[in-house]
$ cat upload_36.cif   # mmCIF, C-alpha atoms and all ligand atoms
data_entry
loop_
_atom_site.group_PDB
_atom_site.id
_atom_site.type_symbol
_atom_site.label_atom_id
_atom_site.label_comp_id
_atom_site.auth_asym_id
_atom_site.auth_seq_id
_atom_site.Cartn_x
_atom_site.Cartn_y
_atom_site.Cartn_z
ATOM 1 C CA MET A 1 0.689 -7.168 -4.973
ATOM 2 C CA PHE A 2 -1.783 -7.387 -2.097
ATOM 3 C CA GLU A 3 -4.114 -9.765 -3.935
ATOM 4 C CA GLN A 4 -1.202 -11.886 -5.076
ATOM 5 C CA TRP A 5 0.136 -12.237 -1.573
ATOM 6 C CA ARG A 6 -3.301 -13.020 -0.213
ATOM 7 C CA GLY A 7 -3.769 -15.803 -2.709
ATOM 8 C CA SER A 8 -0.348 -17.326 -2.086
ATOM 9 C CA ILE A 9 -0.589 -17.850 1.642
ATOM 10 C CA ASP A 10 -3.816 -19.805 1.830
ATOM 11 C CA GLY A 11 -3.050 -23.004 3.695
ATOM 12 C CA PHE A 12 0.524 -22.106 4.481
ATOM 13 C CA PHE A 13 -0.181 -20.544 7.838
ATOM 14 C CA GLU A 14 -2.699 -23.205 8.766
ATOM 15 C CA GLN A 15 0.128 -25.674 8.532
ATOM 16 C CA TRP A 16 2.809 -23.672 10.311
ATOM 17 C CA PHE A 17 0.956 -21.542 12.814
ATOM 18 C CA PRO A 18 -1.894 -23.489 14.397
ATOM 19 C CA THR A 19 -3.111 -20.384 16.230
ATOM 20 C CA SER A 20 -6.765 -19.583 16.659
ATOM 21 C CA CYS A 21 -7.895 -16.395 14.955
ATOM 22 C CA VAL A 22 -8.554 -13.582 17.467
ATOM 23 C CA ARG A 23 -11.391 -12.260 15.323
ATOM 24 C CA CYS A 24 -13.408 -15.358 14.395
ATOM 25 C CA GLY A 25 -11.907 -18.058 16.599
ATOM 26 C CA SER A 26 -11.229 -20.506 13.811
ATOM 27 C CA LEU A 27 -7.993 -22.491 13.908
ATOM 28 C CA GLY A 28 -5.503 -21.595 11.230
ATOM 29 C CA GLY A 29 -3.568 -18.484 12.081
ATOM 30 C CA SER A 30 -4.498 -15.042 13.287
ATOM 31 C CA PRO A 31 -5.678 -13.540 11.021
ATOM 32 C CA CYS A 32 -6.969 -16.807 9.541
ATOM 33 C CA SER A 33 -7.169 -17.103 5.766
ATOM 34 C CA SER A 34 -10.853 -16.213 5.794
ATOM 35 C CA CYS A 35 -10.232 -12.995 7.773
ATOM 36 C CA ILE A 36 -7.255 -12.188 5.530
ATOM 37 C CA GLY A 37 -9.744 -12.387 2.677
ATOM 38 C CA GLU A 38 -11.787 -9.673 4.354
ATOM 39 C CA LEU A 39 -8.895 -7.269 5.057
ATOM 40 C CA GLU A 40 -9.007 -4.187 2.886
ATOM 41 C CA ALA A 41 -5.782 -2.921 1.348
ATOM 42 C CA ALA A 42 -4.917 0.562 2.625
ATOM 43 C CA ALA A 43 -5.250 3.351 0.102
ATOM 44 C CA SER A 44 -2.471 5.890 -0.464
ATOM 45 C CA ILE A 45 -1.724 7.874 2.660
ATOM 46 C CA LYS A 46 -1.919 11.641 2.816
ATOM 47 C CA GLN A 47 1.300 13.539 3.246
ATOM 48 C CA ILE A 48 2.662 13.518 6.801
ATOM 49 C CA PRO A 49 5.041 16.367 7.743
ATOM 50 C CA SER A 50 8.788 15.507 7.643
ATOM 51 C CA LEU A 51 8.194 12.232 5.778
ATOM 52 C CA ASP A 52 9.074 11.762 2.118
ATOM 53 C CA GLN A 53 6.588 8.956 1.669
ATOM 54 C CA VAL A 54 4.288 6.848 3.838
ATOM 55 C CA ALA A 55 2.546 3.583 3.086
ATOM 56 C CA ALA A 56 0.415 1.110 5.009
ATOM 57 C CA LEU A 57 -0.627 -2.419 4.199
ATOM 58 C CA VAL A 58 -4.232 -2.667 5.363
ATOM 59 C CA ARG A 59 -7.008 -0.334 6.322
ATOM 60 C CA TYR A 60 -7.437 0.107 10.068
ATOM 61 C CA ASP A 61 -11.100 -0.792 10.417
ATOM 62 C CA GLU A 62 -13.383 -3.238 12.211
ATOM 63 C CA ILE A 63 -11.764 -6.154 10.354
ATOM 64 C CA SER A 64 -8.113 -5.359 11.129
ATOM 65 C CA ARG A 65 -8.652 -3.749 14.554
ATOM 66 C CA PRO A 66 -8.853 -7.001 16.607
ATOM 67 C CA PHE A 67 -5.526 -8.161 15.178
ATOM 68 C CA ILE A 68 -3.756 -4.866 15.868
ATOM 69 C CA ALA A 69 -5.258 -4.828 19.393
ATOM 70 C CA ASP A 70 -4.035 -8.383 19.968
ATOM 71 C CA LEU A 71 -0.539 -7.258 18.991
ATOM 72 C CA LYS A 72 -0.596 -4.018 20.940
ATOM 73 C CA PHE A 73 -2.172 -5.182 24.179
ATOM 74 C CA ARG A 74 -1.515 -8.898 24.389
ATOM 75 C CA GLY A 75 1.693 -9.378 22.438
ATOM 76 C CA GLY A 76 -0.109 -11.447 19.798
ATOM 77 C CA TRP A 77 2.667 -11.573 17.222
ATOM 78 C CA SER A 78 0.816 -13.859 14.851
ATOM 79 C CA VAL A 79 -0.485 -10.868 12.907
ATOM 80 C CA VAL A 80 3.071 -9.605 12.474
ATOM 81 C CA ARG A 81 4.338 -12.966 11.232
ATOM 82 C CA THR A 82 1.362 -13.257 8.906
ATOM 83 C CA LEU A 83 1.556 -9.759 7.432
ATOM 84 C CA ALA A 84 5.349 -9.232 7.431
ATOM 85 C CA PRO A 85 5.932 -10.842 4.008
ATOM 86 C CA ALA A 86 3.412 -8.485 2.392
ATOM 87 C CA LEU A 87 4.808 -5.546 4.353
ATOM 88 C CA SER A 88 8.229 -6.475 3.020
ATOM 89 C CA PHE A 89 6.929 -6.218 -0.572
ATOM 90 C CA LEU A 90 5.493 -2.823 0.249
ATOM 91 C CA LEU A 91 8.831 -1.764 1.726
ATOM 92 C CA ASP A 92 10.564 -2.773 -1.510
ATOM 93 C CA ASP A 93 8.046 -0.636 -3.389
ATOM 94 C CA ILE A 94 8.677 2.530 -1.426
ATOM 95 C CA ALA A 95 12.393 2.071 -0.632
ATOM 96 C CA ALA A 96 13.540 0.901 -4.071
ATOM 97 C CA THR A 97 13.668 4.410 -5.478
ATOM 98 C CA HIS A 98 15.786 5.654 -2.605
ATOM 99 C CA HIS A 99 18.855 3.780 -1.428
ATOM 100 C CA PRO A 100 19.839 0.116 -1.106
ATOM 101 C CA ASP A 101 21.193 0.666 2.391
ATOM 102 C CA THR A 102 17.898 1.606 3.946
ATOM 103 C CA VAL A 103 17.782 1.259 7.722
ATOM 104 C CA LEU A 104 14.594 0.344 9.561
ATOM 105 C CA THR A 105 13.724 1.894 12.881
ATOM 106 C CA TRP A 106 10.644 2.550 15.006
ATOM 107 C CA ALA A 107 9.171 5.305 17.125
ATOM 108 C CA PRO A 108 9.400 3.806 20.609
ATOM 109 C CA THR A 109 6.421 3.713 22.928
ATOM 110 C CA THR A 110 6.861 4.980 26.487
ATOM 111 C CA PRO A 111 9.324 3.115 28.768
ATOM 112 C CA GLU A 112 6.508 2.669 31.318
ATOM 113 C CA ARG A 113 4.365 0.874 28.771
ATOM 114 C CA VAL A 114 7.258 -1.294 27.622
ATOM 115 C CA ARG A 115 7.880 -2.268 31.256
ATOM 116 C CA TYR A 116 4.202 -2.997 31.853
ATOM 117 C CA ARG A 117 3.605 -5.007 28.679
ATOM 118 C CA GLY A 118 7.082 -6.426 28.317
ATOM 119 C CA PHE A 119 7.502 -5.401 24.679
ATOM 120 C CA ASP A 120 7.158 -2.508 22.262
ATOM 121 C CA GLN A 121 4.782 -3.485 19.467
ATOM 122 C CA ALA A 122 6.413 -1.085 16.987
ATOM 123 C CA GLU A 123 9.781 -2.719 17.658
ATOM 124 C CA VAL A 124 8.232 -6.174 17.180
ATOM 125 C CA VAL A 125 6.882 -5.158 13.758
ATOM 126 C CA THR A 126 10.180 -3.509 12.780
ATOM 127 C CA ARG A 127 12.368 -6.469 13.754
ATOM 128 C CA GLU A 128 10.152 -8.986 11.980
ATOM 129 C CA LEU A 129 10.116 -6.786 8.889
ATOM 130 C CA ALA A 130 13.922 -6.539 9.016
ATOM 131 C CA ARG A 131 14.141 -10.329 9.253
ATOM 132 C CA GLN A 132 11.790 -10.751 6.287
ATOM 133 C CA SER A 133 13.288 -8.047 4.089
ATOM 134 C CA GLY A 134 16.977 -8.388 4.934
ATOM 135 C CA HIS A 135 17.236 -4.694 5.783
ATOM 136 C CA ARG A 136 19.222 -3.489 8.735
ATOM 137 C CA VAL A 137 17.348 -2.500 11.868
ATOM 138 C CA GLN A 138 18.704 0.040 14.290
ATOM 139 C CA ARG A 139 17.325 1.714 17.405
ATOM 140 C CA LEU A 140 17.642 5.365 16.425
ATOM 141 C CA LEU A 141 15.149 7.054 18.705
ATOM 142 C CA ARG A 142 14.570 7.462 22.380
ATOM 143 C CA ARG A 143 11.172 8.484 23.693
ATOM 144 C CA LEU A 144 11.282 11.532 25.919
ATOM 145 C CA PRO A 145 8.941 11.688 28.907
ATOM 146 C CA GLY A 146 5.478 12.889 27.948
ATOM 147 C CA VAL A 147 1.837 11.910 27.938
ATOM 148 C CA HIS A 148 0.391 8.543 26.893
ATOM 149 C CA GLN A 149 -1.466 8.238 23.603
ATOM 150 C CA THR A 150 -4.042 5.546 24.303
ATOM 151 C CA GLY A 151 -7.244 6.942 25.748
ATOM 152 C CA ARG A 152 -6.572 10.492 24.686
ATOM 153 C CA ASN A 153 -8.487 12.327 22.048
ATOM 154 C CA ARG A 154 -7.070 13.392 18.736
ATOM 155 C CA ALA A 155 -6.135 16.928 19.756
ATOM 156 C CA GLU A 156 -4.327 15.712 22.845
ATOM 157 C CA ARG A 157 -2.564 12.983 20.886
ATOM 158 C CA SER A 158 -1.171 15.469 18.409
ATOM 159 C CA GLN A 159 0.940 16.999 21.156
ATOM 160 C CA GLY A 160 3.275 15.578 23.710
ATOM 161 C CA VAL A 161 5.125 12.961 21.650
ATOM 162 C CA HIS A 162 8.813 13.774 21.734
ATOM 163 C CA PHE A 163 11.859 11.821 20.685
ATOM 164 C CA ALA A 164 15.619 12.245 20.742
ATOM 165 C CA ALA A 165 18.007 10.706 18.208
ATOM 166 C CA LEU A 166 20.459 8.022 19.326
ATOM 167 C CA GLY A 167 23.913 7.749 17.782
ATOM 168 C CA ARG A 168 24.672 8.350 14.143
ATOM 169 C CA VAL A 169 21.562 8.484 11.973
ATOM 170 C CA PRO A 170 21.850 6.892 8.491
ATOM 171 C CA GLN A 171 20.986 8.665 5.222
ATOM 172 C CA VAL A 172 17.806 6.728 4.488
ATOM 173 C CA VAL A 173 15.542 5.634 7.335
ATOM 174 C CA VAL A 174 12.169 3.903 7.363
ATOM 175 C CA VAL A 175 10.079 4.494 10.478
ATOM 176 C CA VAL A 176 7.939 1.388 11.009
ATOM 177 C CA ASP A 177 4.816 1.312 13.150
ATOM 178 C CA ASP A 178 1.846 -0.933 13.785
ATOM 179 C CA VAL A 179 -0.784 1.650 12.899
ATOM 180 C CA VAL A 180 -0.907 5.200 11.562
ATOM 181 C CA THR A 181 -3.814 7.222 12.932
ATOM 182 C CA THR A 182 -3.120 10.957 13.110
ATOM 183 C CA GLY A 183 0.432 10.553 11.823
ATOM 184 C CA SER A 184 1.698 12.740 14.665
ATOM 185 C CA THR A 185 3.985 10.069 16.147
ATOM 186 C CA MET A 186 5.594 9.380 12.781
ATOM 187 C CA ALA A 187 5.931 13.098 12.072
ATOM 188 C CA ALA A 188 7.630 13.693 15.428
ATOM 189 C CA ALA A 189 10.003 10.767 14.832
ATOM 190 C CA ALA A 190 10.799 11.838 11.269
ATOM 191 C CA SER A 191 11.482 15.419 12.237
ATOM 192 C CA VAL A 192 14.057 14.336 14.851
ATOM 193 C CA LEU A 193 15.708 11.926 12.396
ATOM 194 C CA ARG A 194 15.987 14.698 9.812
ATOM 195 C CA ASP A 195 17.495 17.105 12.318
ATOM 196 C CA ALA A 196 20.005 14.381 13.183
ATOM 197 C CA GLY A 197 21.097 14.015 9.557
ATOM 198 C CA ALA A 198 18.728 11.670 7.710
ATOM 199 C CA ALA A 199 18.281 12.821 4.101
ATOM 200 C CA THR A 200 15.256 10.622 3.401
ATOM 201 C CA VAL A 201 12.689 9.447 5.920
ATOM 202 C CA LEU A 202 9.959 7.018 4.878
ATOM 203 C CA GLY A 203 7.082 5.667 6.923
ATOM 204 C CA LEU A 204 5.589 2.188 6.838
ATOM 205 C CA ALA A 205 2.781 0.710 8.923
ATOM 206 C CA LEU A 206 0.747 -2.472 9.097
ATOM 207 C CA ALA A 207 -2.470 -0.443 9.127
ATOM 208 C CA ALA A 208 -3.739 3.090 8.587
ATOM 209 C CA THR A 209 -7.059 4.690 9.504
ATOM 210 C CA PRO A 210 -9.267 5.520 6.502
ATOM 211 C CA ASP A 211 -9.139 9.270 7.257
ATOM 212 C CA ARG A 212 -5.363 9.120 6.854
ATOM 213 C CA THR A 213 -5.829 7.778 3.364
ATOM 214 C CA MET A 214 -6.907 9.523 0.193
ATOM 215 C CA SER A 215 -9.874 7.374 -0.803
HETATM 216 ZN ZN ZN A 301 -10.515 -15.295 11.358
#
$ encode --input "upload_36.cif" --output "structure tokens"
Amino acid sequence: MFEQWRGSIDGFFEQWFPTSCVRCGSLGGSPCSSCIGELEAAASIKQIPSLDQVAALVRYDEISRPFIADLKFRGGWSVVRTLAPALSFLLDDIAATHHPDTVLTWAPTTPERVRYRGFDQAEVVTRELARQSGHRVQRLLRRLPGVHQTGRNRAERSQGVHFAALGRVPQVVVVVDDVVTTGSTMAAAASVLRDAGAATVLGLALAATPDRTMS
């Protein structure tokens, strides 16, 4: 699937998105086709508590990191537009065995950060994926006040992420994120969704750190 997608988009994005690549600077999308060629597919992800299944598209490494950083810190949505079609295939893979009426949601970042940056990168990924896949998207979680994740070490990050459910939670929910590192944010989100009535909670991310994966 990954290889197939990679082969099919060569040239397409150069024509439609004349953006310069944040990693190598060449014109022709970000990631450009040459950097896409270097992206490693993510391996299977280890079990994360409260989630039935989790998958990520690419490995979070020195190749993919500049693109995720561009999205997270500068609102560079090119990576989302570029990777959303492949993420949509991956969504079909993991959601197909569950329920046709799968609802996409995201674990919101802190309101302070949304105010400062003007967007929530997880929401950006989720909405673009919904557009690509035709699935419904719904804001199902509210972030409760707590500590920031960026700049904290792993042990600190594993605590202090709390959510509350909003409204009626559907039976099958996919929590979408830009990157899975410790999995603690997704686990916290999934646990709240389950308590609020979700029977199946899946996780999907653009990237995952190698230590989250089984290879
Ligand atoms: Zn490039």
$ residues_around --input "upload_36.cif" --residues "range 123-128 of chain A" --least-positions-apart "6" --cutoff "8 Å" --atoms "only C-alpha atoms" --output "list of chain:residue names"
A:Trp77, A:Val80, A:Arg81, A:Ala84, A:Leu104, A:Thr105, A:Trp106, A:Pro108, A:Val137, A:Val176, A:Asp177, A:Asp178
$ atom_distance --input "upload_36.cif" --atom1 "CA of Leu193 in chain A" --atom2 "CA of Leu57 in chain A"
23.2 Å
$ residues_near_ligand --input "upload_36.cif" --ligand "ligand ZN 301 (chain A)" --cutoff "8 Å" --atoms "all atoms listed in the file" --output "mmCIF file with C-alpha atoms, in the coordinates of the input"
data_model
loop_
_atom_site.group_PDB
_atom_site.id
_atom_site.type_symbol
_atom_site.label_atom_id
_atom_site.label_comp_id
_atom_site.auth_asym_id
_atom_site.auth_seq_id
_atom_site.Cartn_x
_atom_site.Cartn_y
_atom_site.Cartn_z
ATOM 1 C CA SER A 20 -6.765 -19.583 16.659
ATOM 2 C CA CYS A 21 -7.895 -16.395 14.955
ATOM 3 C CA VAL A 22 -8.554 -13.582 17.467
ATOM 4 C CA ARG A 23 -11.391 -12.260 15.323
ATOM 5 C CA CYS A 24 -13.408 -15.358 14.395
ATOM 6 C CA GLY A 25 -11.907 -18.058 16.599
ATOM 7 C CA SER A 26 -11.229 -20.506 13.811
ATOM 8 C CA GLY A 29 -3.568 -18.484 12.081
ATOM 9 C CA SER A 30 -4.498 -15.042 13.287
ATOM 10 C CA PRO A 31 -5.678 -13.540 11.021
ATOM 11 C CA CYS A 32 -6.969 -16.807 9.541
ATOM 12 C CA SER A 33 -7.169 -17.103 5.766
ATOM 13 C CA SER A 34 -10.853 -16.213 5.794
ATOM 14 C CA CYS A 35 -10.232 -12.995 7.773
ATOM 15 C CA ILE A 36 -7.255 -12.188 5.530
#
$ closest_residue --input "upload_36.cif" --among "A:Leu141, A:Ile94, A:Gly160, A:Ala86" --to "Asp52 in chain A" --atoms "all atoms listed in the file"
A:Ile94
$ residues_around --input "upload_36.cif" --residues "Ala199 in chain A" --least-positions-apart "4" --cutoff "10 Å" --atoms "only C-alpha atoms" --output "list in words"
Asp52, Val169, Pro170, Gln171, Val172, Val173, Leu193, Arg194 and Asp195 of chain A
$ atom_distance --input "upload_36.cif" --atom1 "CA of Ala208 in chain A" --atom2 "CA of Arg115 in chain A"
26.0 Å
$ atom_distance --input "upload_36.cif" --atom1 "CA of Ser88 in chain A" --atom2 "CA of Tyr60 in chain A"
18.4 Å
$ closest_residue --input "upload_36.cif" --among "A:Val103, A:Leu166, A:Ala187, A:Ala198" --to "Pro49 in chain A" --atoms "all atoms listed in the file"
A:Ala187
